[in-house]
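One structure is given below, encoded as structure tokens.
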Number of protein chains: 6
Amino acid sequence: MTRTALPDLLIEPLVRAALIEDLGPSGDVTTEAVIAPELRYAARLNARQAGVISGAQLAAMAFRLVDASLQIDVLRSDGAQVTPGETVMTIAGSAASILSGERVALNFMGRLSGIATLTAAFVAETAGTGARITCTRKTTPGLRLVEKAAVRHGGGAAHRFSLSDAILIKDNHIAAAGGIASVLVQARKAASHMRRIEIEVDTLAQLDEVLATGGADVVLLDNMSTADLRAAVARVAGRLVTEASGNMRLERIAEVAAAGVDYISVGALTHSAPVLDLGLDF
Amino acid sequence: MTRTALPDLLIEPLVRAALIEDLGPSGDVTTEAVIAPELRYAARLNARQAGVISGAQLAAMAFRLVDASLQIDVLRSDGAQVTPGETVMTIAGSAASILSGERVALNFMGRLSGIATLTAAFVAETAGTGARITCTRKTTPGLRLVEKAAVRHGGGAAHRFSLSDAILIKDNHIAAAGGIASVLVQARKAASHMRRIEIEVDTLAQLDEVLATGGADVVLLDNMSTADLRAAVARVAGRLVTEASGNMRLERIAEVAAAGVDYISVGALTHSAPVLDLGLDF
Amino acid sequence: MTRTALPDLLIEPLVRAALIEDLGPSGDVTTEAVIAPELRYAARLNARQAGVISGAQLAAMAFRLVDASLQIDVLRSDGAQVTPGETVMTIAGSAASILSGERVALNFMGRLSGIATLTAAFVAETAGTGARITCTRKTTPGLRLVEKAAVRHGGGAAHRFSLSDAILIKDNHIAAAGGIASVLVQARKAASHMRRIEIEVDTLAQLDEVLATGGADVVLLDNMSTADLRAAVARVAGRLVTEASGNMRLERIAEVAAAGVDYISVGALTHSAPVLDLGLDF
Amino acid sequence: MTRTALPDLLIEPLVRAALIEDLGPSGDVTTEAVIAPELRYAARLNARQAGVISGAQLAAMAFRLVDASLQIDVLRSDGAQVTPGETVMTIAGSAASILSGERVALNFMGRLSGIATLTAAFVAETAGTGARITCTRKTTPGLRLVEKAAVRHGGGAAHRFSLSDAILIKDNHIAAAGGIASVLVQARKAASHMRRIEIEVDTLAQLDEVLATGGADVVLLDNMSTADLRAAVARVAGRLVTEASGNMRLERIAEVAAAGVDYISVGALTHSAPVLDLGLDF
Amino acid sequence: MTRTALPDLLIEPLVRAALIEDLGPSGDVTTEAVIAPELRYAARLNARQAGVISGAQLAAMAFRLVDASLQIDVLRSDGAQVTPGETVMTIAGSAASILSGERVALNFMGRLSGIATLTAAFVAETAGTGARITCTRKTTPGLRLVEKAAVRHGGGAAHRFSLSDAILIKDNHIAAAGGIASVLVQARKAASHMRRIEIEVDTLAQLDEVLATGGADVVLLDNMSTADLRAAVARVAGRLVTEASGNMRLERIAEVAAAGVDYISVGALTHSAPVLDLGLDF
Amino acid sequence: MTRTALPDLLIEPLVRAALIEDLGPSGDVTTEAVIAPELRYAARLNARQAGVISGAQLAAMAFRLVDASLQIDVLRSDGAQVTPGETVMTIAGSAASILSGERVALNFMGRLSGIATLTAAFVAETAGTGARITCTRKTTPGLRLVEKAAVRHGGGAAHRFSLSDAILIKDNHIAAAGGIASVLVQARKAASHMRRIEIEVDTLAQLDEVLATGGADVVLLDNMSTADLRAAVARVAGRLVTEASGNMRLERIAEVAAAGVDYISVGALTHSAPVLDLGLDF
């Protein structure tokens with residue numbers, strides 16, 4: 001499947017900063033000390049585990065920013081499933097350049113492929129239902145763009161990106177604003193026509209109040225039992241998009257999806273995914 | 001125990017960038033829509049799991065950068081152990097400001113406390129031995145400074161920070177430079193008096209070659225069985241610092257530590273630590 | 001009316017860059033040459049025309065960034081209407097500092113108050129209707145945040161901020177994607193639950209196709225006659241939010257608003273508003 | 001006429017920042033959703049009004065920064081006069097790239113061509129005299145370099161760029177420094193040999209004091225009647241360069257120019273020029 | 001004598017970058033290892049040589065940026081002459097903070113005071129003449145603002161700051177533009193009323209051509225013998241400002257100044273001044 | 001001899017900033033005024049003194065950043081010795097571009113080649129001994145990377161780069177930490193296995209205490225007489241690396257080197273090296 005790459009204008013600063021962080025203030029002293037500048041290598045970036053690739057665009061950019069003359073071939077691009085031992089990318093050219101860029105390339109790909117792979121595991125649990133897996137704002141500071149892309153590479157859906165691009169009313173907002181009816185009226189008045197409104201509810205009674213008030217587009221069903229989720233979907237009856245969240249462990253997803261919710265949001269996708277093991281072989 | 005904070009000059013750019021990322025280009029539209037500017041709150045940032053705190057300095061800075069008039073008290077500072085329900089920090093002042101800074105503060109603390117907590121678990125396994133737990137360069141791009149600090153908060157030791165500050169000769173360097181003897185001679189010639197040299201070996205035969213050649217300060221015993229680690233320590237006989245790495249799962253640490261190595265480096269500390277659950281209560 | 005200020009984290013870089021641009025590489029040589037450092041002034045920033053204020057927050061920040069010891073009082077804050085001669089802000093302290101910050105403060109306030117004032121004139125034309133005035137992405141490069149805020153200060157509504165935060169399908173997209181039905185299906189499939197979809201139509205026939213296809217939240221009625229706008233509103237019958245755009249001159253707004261559209265978007269608010277005349281008097 | 005382009009080193013940061021502002025934090029979601037990555041377009045950037053082009057260099061750079069593989073041909077470069085319908089630039093290549101860069105390219109060109117066009121209208125009024133039209137520091141924060149270039153593209157002359165590069169003594173400086181004689185002595189003492197001194201006068205009496213004191217290179221005749229301007233030119237008798245400013249509406253320029261002044265400075269060129277209408281046609 | 005400080009807005013980025021460079025990516029590991037956080041010190045920054053101070057503003061800012069709670073007293077500010085052993089500044093507070101900021105503070109002050117001191121030595125040679133010492137663009141990349149200020153602190157005069165703020169026609173420009181007469185006509189046509197024009201001549205014949213052509217404000221008499229300088233001053237007869245340059249060693253300055261030139265420019269002030277010895281005593 | 005270039009990722013920001021500083025906010029007005037855009041030149045960058053080249057990489061990059069179409073040939077690269085008149089680099093292409101980049105290219109090369117040349121003079125004095133010349137942290141703020149490289153180009157050795165990458169305990173640290181024994185114990189406890197420890201001593205008695213305590217890798221023999229240096233080397237007897245510092249004038253180096261120390265550190269290499277005279281000839 002063809003996937004659109006992220007805009008280079010947005011990711012180049014990330015990759016550049018990561019390389020500068022890893023080079024340190026005076027450069028790669030090991031490579032400088034022991035690698036002949038004229039030595040040339042062909043390297044393979046291989047998966048050592050099965051999973052879903054994300055970050056190949058950043059890894060390729062890392063090698064290019066270290067040395068524009070490196071020859072890079074991306075064989076399995078972002079969103080592709082790989083098997084253990086499969087080659088994701090080949091890099092040929094100056095050995096010194098490849099060694100200097102290796103760690104940053106792998107750090108990006110390992111982390112992001114870990115997220116994509118975990119997302120894919122959650123998505124697999126929703127098979128046969130209409131539920132979609134999505135993420136939260138619990139992302140690594142500085143990496144939200146690429147972590148949210150990793151969720152999409154794993155088959156997940158986008159959520160709002162930042163506090164700017166949609167209204168999401170949480171329990172603290174409701175309390176501060178004087179209750180559900182009051183907060184929804186204020187929100188609808190402030191929101192322009194291009195902004196969606198989502199509101200969190202913890203109980204079916206709160207859900208009823210949301211439905212009675214109107215003004216919301218999406219309801220976040222937080223920390224509910226699966227039975228309550230089923231009841232909530234029934235009461236909503238298609239009038240709102242439904243999103244379940246809170247304690248969404250992998251083993252519970254199939255049941256939650258079967259309850260009929262539209263979206264299931266999972267913080268762990270971005271805050272607790274283990275790395276996917278990838279390595280460079282020469 | 002008193003711990004030295006990280007220099008504000010180095011962490012402020014990180015925190016500022018994270019806040020700008022989360023605010024998005026036009027600010028917190030939800031809070032703006034539904035929270036009265038004059039409303040004041042007292043919030044508690046509580047641990048919801050047992051663990052070791054890291055990132056409190058960054059969280060406090062996040063709230064201060066959002067609103068310098070917030071009153072912030074750090075009750076459990078970086079390196080402290082917490083129990084479920086324990087309050088780490090109190091924040092009082094504008095409700096809107098607290099809500100706008102909450103996610104960034106929690107994202108930093110959750111991730112870094114997760115690293116500190118996992119490190120502490122590894123450190124506990126070394127009790128009664130001289131072995132120290134340390135980390136690698138497998139850190140999140142952009143966050144190396146604070147992730148390495150989190151390892152120290154969990155009781156781990158520092159490793160080199162970047163490619164600039166020590167020579168670490170890996171298998172690919174050895175191959176490219178013509179073998180162990182050759183690479184060590186080149187490295188010693190290039191290294192100044194302020195730079196340590198570490199070299200990776202995979203076998204006892206390689207170790208013998210390192211010992212015979214001289215010139216190294218530290219030897220990295222990579223992917224060895226515990227029996228081989230024991231043999232390696234015996235052959236080194238104190239002439240080099242020893243560091244074990246590769247496949248260092250938690251359940252194996254006690255045995256590796258007992259083998260007599262000086263350091264055990266664990267990539268998972270920074271690349272695969274799950275988040276520590278923390279939350280803001282009003 | 002209390003209005004929420006823009007986040008300092010987002011506007012300080014703008015103000016700082018503007019001051020550095022105006023100071024030039026070696027500072028204010030005139031003030032340095034002829035103003036005694038110890039001379040103190042009390043200055044009034046006065047409106048010389050009637051209008052709506054915007055940019056007072058930036059102007060006050062400009063003076064503070066030049067000299068944190070200046071005493072600044074904002075008498076008429078962003079969104080306030082002023083009459084000729086009315087004082088918007090008083091600034092007291094070092095004369096040299098006030099003179100060095102004056103131009104940047106006035107450049108921000110003049111331009112932004114010009115936008116707010118022009119917006120207010122458009123808003124006045126919609127009195128007695130439900131129509132709201134809004135702006136476009138035809139903003140000054142680098143100033144979108146503050147120009148969109150100026151539109152709100154003048155009584156206008158927000159539109160999407162950037163290409164990231166909503167889907168707006170224009171004629172070129174429709175052509176490229178194979179027609180209205182096809183484009184709406186693709187857009188709905190790609191859009192997550194937190195993102196609105198707007199689609200541009202130039203004719204009533206296109207509108208019918210949009211209504212028949214479904215999947216849009218908002219329809220942009222572009223370059224239509226007032227009669228067609230009336231007809232479009234009737235056909236939509238509340239199923240979509242309607243936005244009129246194209247050739248929306250001030251003298252036509254009352255008639256367009258009366259046609260029943262929900263929003264009227266006006267590029268001129270940000271691309272062609274004349275400055276509001278303001279000045280500093282000592 | 002060949003015109004020198006602005007240094008890419010100075011304008012690239014502007015264009016890059018504008019693109020990042022418009023893309024927003026997660027990129028062009030509309031194009032990503034509905035435009036096939038492999039679709040290719042040939043587009044024409046056409047004038048829809050008569051005017052003078054400025055900003056073509058920036059627009060071309062915007063498209064190149066979005067996608068270095070776009071084929072861009074600038075047919076009418078900065079400073080050229082165009083007629084309605086005339087093609088200024090052609091852009092060929094990825095449709096997605098062209099659509100993503102379109103708004104930034106047009107925002108720069110519309111605004112800057114508006115300034116160039118208004119300048120040309122003022123310049124036309126000076127025909128047959130020696131007077132030159134020039135601008136002020138009343139520019140858009142962040143865009144001074146390109147707005148001052150737009151004035152030159154319209155036939156205007158440069159003025160000082162920032163507070164660093166010449167001494168311009170205004171009424172407030174005179175008052176603070178103890179009068180004209182005193183201020184001129186101080187200024188001449190502080191100014192090195194490479195810096196010009198200009199002083200503002202509001203009356204002929206002040207002008208006499210300037211002439212009597214000496215030390216100025218240029219006199220700014222502020223808010224004078226045309227009769228007074230004529231008298232001022234006569235008294236100066238070529239000893240100083242003369243610049244008229246204040247209330248310089250287009251309809252008055254011919255008469256002011258005929259009064260014999262050397263320069264006429266017009267704040268409106270940069271603070272109130274309406275956009276020039278340009279558009280992209282596929 | 002009261003001197004105006006440099007704008008903090010312009011120098012803070014320099015000082016901040018220097019501190020970050022010296023701290024390195026992980027901070028001051030020595031101080032962190034061995035200095036108790038609560039230890040407090042009172043330190044004196046003392047001159048160890050006689051000279052003229054420059055950079056005290058930057059040094060004080062460096063300490064403040066490391067730790068805003070440090071108590072800093074500047075006893076001898078920029079432009080002051082000091083004797084060996086004299087205290088320039090006292091710093092009291094956290095010992096760790098003082099030690100971490102020390103090197104950057106001294107690096108700025110040593111270098112800049114070296115420039116000021118060398119300038120003062122050149123200025124002393126001009127006593128009793130009207131000649132002023134000035135500098136060139138041969139400054140350290142990144143430090144032009146503060147190095148040019150150091151020249152003024154030593155009693156020297158400003159020259160143009162950058163390529164933007166005056167026209168200086170050198171031999172290569174003359175050759176490229178078709179000779180002196182041609183180049184002056186082009187320059188005068190391009191220069192606005194706020195920009196001075198200086199032209200370099202190597203011979204008296206060239207000087208005659210400059211005088212005959214007109215259009216210059218300043219003439220740069222390059223690499224001339226003192227006899228030729230005297231002759232040049234006579235021929236100019238006050239019609240132009242004269243500047244002597246080229247091979248201006250200290251021992252020759254008195255004679256050159258006596259020749260009657262207005263300015264003597266000395267590249268060595270900024271490119272070859274030895275450091276002034278200053279140190280921190282606890 | 002082949003030398004490894006500095007990473008472009010680290011030096012490009014320096015060169016770019018230097019060019020922007022020298023261009024000033026509106027570009028090279030002289031070249032713009034008098035040089036025809038189509039004029040082409042071939043220029044030679046020549047040494048006018050004998051010395052060692054450093055900064056050729058930066059100079060070449062400066063020309064390329066001004067104009068990527070310039071043809072640049074580096075004939076004598078960093079570390080090469082040159083004789084007066086020898087051509088270091090040829091630059092061919094747009095005359096305007098060459099003239100605009102000239103000063104920055106020369107400012108970098110002159111300063112850095114000055115450092116390399118002075119270093120080479122110190123290195124020459126150590127001939128026949130094992131002593132190596134090294135530098136300190138007394139570098140120009142912002143230029144440490146390239147100044148430390150210049151020392152290596154002149155034959156010197158690296159020292160620690162920043163406060164992050166090694167522990168260097170100075171007299172003030174010793175005093176603050178309670179004496180030599182105490183400070184070494186603390187330092188060894190804090191230092192990880194990848195970090196060297198150096199400690200400064202001023203007397204042989206202090207040296208004895210260092211030797212008795214253990215824990216140091218390197219001893220800095222500060223401000224000792226040559227006799228004491230000899231005695232110190234004897235007492236150390238190869239157990240530590242020795243570094244002599246303090247008052248290391250060129251005329252004393254041979255004697256100090258003969259005393260048997262391993263390293264001699266010289267602050268003057270970076271803080272007081274006069275420029276190497278280089279120029280551009282057309």
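Each chain of the structure tokens is named A, B, ... in the order shown, its residues numbered from 1; ligands are numbered from 1 in display order.
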
Which chain A residues are at most 12 Å from chain F (counting only C-alpha atoms), as number ranges by chain? A: 13, 15-38, 62-68, 96-97, 100-101

Find the spatial neighbours of segment 110-114 of chain D, counting only C-alpha atoms, within a cut-off of 7 Å - ignore same-chain residues fewer than 3 positions away - and output them as JSON, numbers by chain. {"D": [52, 53, 54, 55, 106, 107, 117, 118, 147, 150, 273, 274, 275, 276, 277, 278]}

Would you save the residues of that selection, restricted to N, CA and C atoms, as a PDB file, in the first residue's frame?
```pdb
ATOM      1  N   VAL D  52       2.897  45.387 -10.002  1.00  0.00           N
ATOM      2  CA  VAL D  52       4.339  45.139 -10.056  1.00  0.00           C
ATOM      3  C   VAL D  52       4.633  43.932  -9.168  1.00  0.00           C
ATOM      4  N   ILE D  53       5.405  43.009  -9.722  1.00  0.00           N
ATOM      5  CA  ILE D  53       5.697  41.766  -9.010  1.00  0.00           C
ATOM      6  C   ILE D  53       6.791  41.958  -7.967  1.00  0.00           C
ATOM      7  N   SER D  54       6.562  41.402  -6.787  1.00  0.00           N
ATOM      8  CA  SER D  54       7.616  41.253  -5.789  1.00  0.00           C
ATOM      9  C   SER D  54       7.322  39.976  -5.016  1.00  0.00           C
ATOM     10  N   GLY D  55       8.348  39.261  -4.652  1.00  0.00           N
ATOM     11  CA  GLY D  55       8.143  38.033  -3.899  1.00  0.00           C
ATOM     12  C   GLY D  55       8.227  36.786  -4.758  1.00  0.00           C
ATOM     13  N   LEU D 106       1.610  32.204  -2.439  1.00  0.00           N
ATOM     14  CA  LEU D 106       0.697  33.311  -2.757  1.00  0.00           C
ATOM     15  C   LEU D 106       0.683  34.356  -1.642  1.00  0.00           C
ATOM     16  N   ASN D 107       0.768  33.923  -0.388  1.00  0.00           N
ATOM     17  CA  ASN D 107       0.762  34.902   0.698  1.00  0.00           C
ATOM     18  C   ASN D 107       1.958  35.846   0.601  1.00  0.00           C
ATOM     19  N   THR D 117       3.358  47.438  -5.984  1.00  0.00           N
ATOM     20  CA  THR D 117       2.384  48.104  -6.849  1.00  0.00           C
ATOM     21  C   THR D 117       1.991  49.475  -6.299  1.00  0.00           C
ATOM     22  N   LEU D 118       1.791  49.548  -4.998  1.00  0.00           N
ATOM     23  CA  LEU D 118       1.457  50.839  -4.393  1.00  0.00           C
ATOM     24  C   LEU D 118       2.641  51.801  -4.515  1.00  0.00           C
ATOM     25  N   GLU D 147       9.948  43.396   2.641  1.00  0.00           N
ATOM     26  CA  GLU D 147       9.074  44.544   2.361  1.00  0.00           C
ATOM     27  C   GLU D 147       9.891  45.728   1.833  1.00  0.00           C
ATOM     28  N   ALA D 150      10.537  45.029  -1.641  1.00  0.00           N
ATOM     29  CA  ALA D 150       9.344  45.266  -2.463  1.00  0.00           C
ATOM     30  C   ALA D 150       9.224  46.742  -2.833  1.00  0.00           C
ATOM     31  N   ALA D 273      -0.665  48.710   2.380  1.00  0.00           N
ATOM     32  CA  ALA D 273      -0.876  48.340   0.979  1.00  0.00           C
ATOM     33  C   ALA D 273      -1.828  47.161   0.874  1.00  0.00           C
ATOM     34  N   PRO D 274      -2.878  47.267   0.040  1.00  0.00           N
ATOM     35  CA  PRO D 274      -3.734  46.094  -0.177  1.00  0.00           C
ATOM     36  C   PRO D 274      -2.978  45.050  -0.996  1.00  0.00           C
ATOM     37  N   VAL D 275      -3.366  43.813  -0.821  1.00  0.00           N
ATOM     38  CA  VAL D 275      -2.752  42.688  -1.530  1.00  0.00           C
ATOM     39  C   VAL D 275      -2.939  42.827  -3.046  1.00  0.00           C
ATOM     40  N   LEU D 276      -1.986  42.318  -3.818  1.00  0.00           N
ATOM     41  CA  LEU D 276      -2.209  42.183  -5.261  1.00  0.00           C
ATOM     42  C   LEU D 276      -2.802  40.802  -5.495  1.00  0.00           C
ATOM     43  N   ASP D 277      -3.865  40.751  -6.296  1.00  0.00           N
ATOM     44  CA  ASP D 277      -4.567  39.478  -6.496  1.00  0.00           C
ATOM     45  C   ASP D 277      -3.812  38.591  -7.482  1.00  0.00           C
ATOM     46  N   LEU D 278      -3.377  37.462  -6.986  1.00  0.00           N
ATOM     47  CA  LEU D 278      -2.672  36.462  -7.799  1.00  0.00           C
ATOM     48  C   LEU D 278      -3.282  35.108  -7.485  1.00  0.00           C
TER      49      LEU D 278
END
```

Atomic separation - atom CA of Ile264 of chain C relative to atom CA of Ile174 of chain C, Å: 21.8 Å

Identify, on the basis of only C-alpha atoms, every residue whose closest approach to Phe108 of chain E does not exceed 8 Å; exclude the query and any residue fewer than 5 positions from it along the same chain; express the result as a list in words. Gly55, Leu58 and Ala59 of chain E; Thr140 and Pro141 of chain F

Just want the 10 Å neighbourhood of Leu70 of chain E, counted on only C-alpha atoms, with same-chain residues fewer than 6 positions away dropped. Output as a PyMOL selection string. chain E and resi 40-42+60+63-64+91-95+97-98

Find the residues around Gly179 of chain B up to 12 Å (only C-alpha atoms counted), leave out those fewer than 3 positions away in its own chain, and share them as a list in words. Val34 and Ile35 of chain A; Ile169, Lys170, Asp171, Asn172, His173, Ile174, Ala175, Ala176, Ser182, Val183, Leu184, Val185, Gln186, Ile199, Glu200, Val201, Gln206, Glu209, Val210 and Thr213 of chain B

Within 9 Å of Ala216 of chain B using only C-alpha atoms, minus same-chain residues under 5 positions, as a PyMOL selection string: chain B and resi 184+187-188+196-199+210-211+240

Extract the full set of alpha helix (DSSP H) residues from segment 5-249 of chain B according to DSSP on the backbone, and format it as a PyMOL selection string. chain B and resi 8-23+29-34+56-66+95-125+144-153+171-177+180-190+204-213+226-236

Any chance you could list, as a ChimeraX atom specification, the residues in segment 4-218 of chain B that come up strand (DSSP E or B) when DSSP is run on the backbone? /B:40-47,51-52,71-74,81-82,87-94,132-134,157,167-169,195,197-201,218

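Separating atom CA of Ala205 of chain E from atom CA of Asp281 of chain F is a distance of 22.4 Å.
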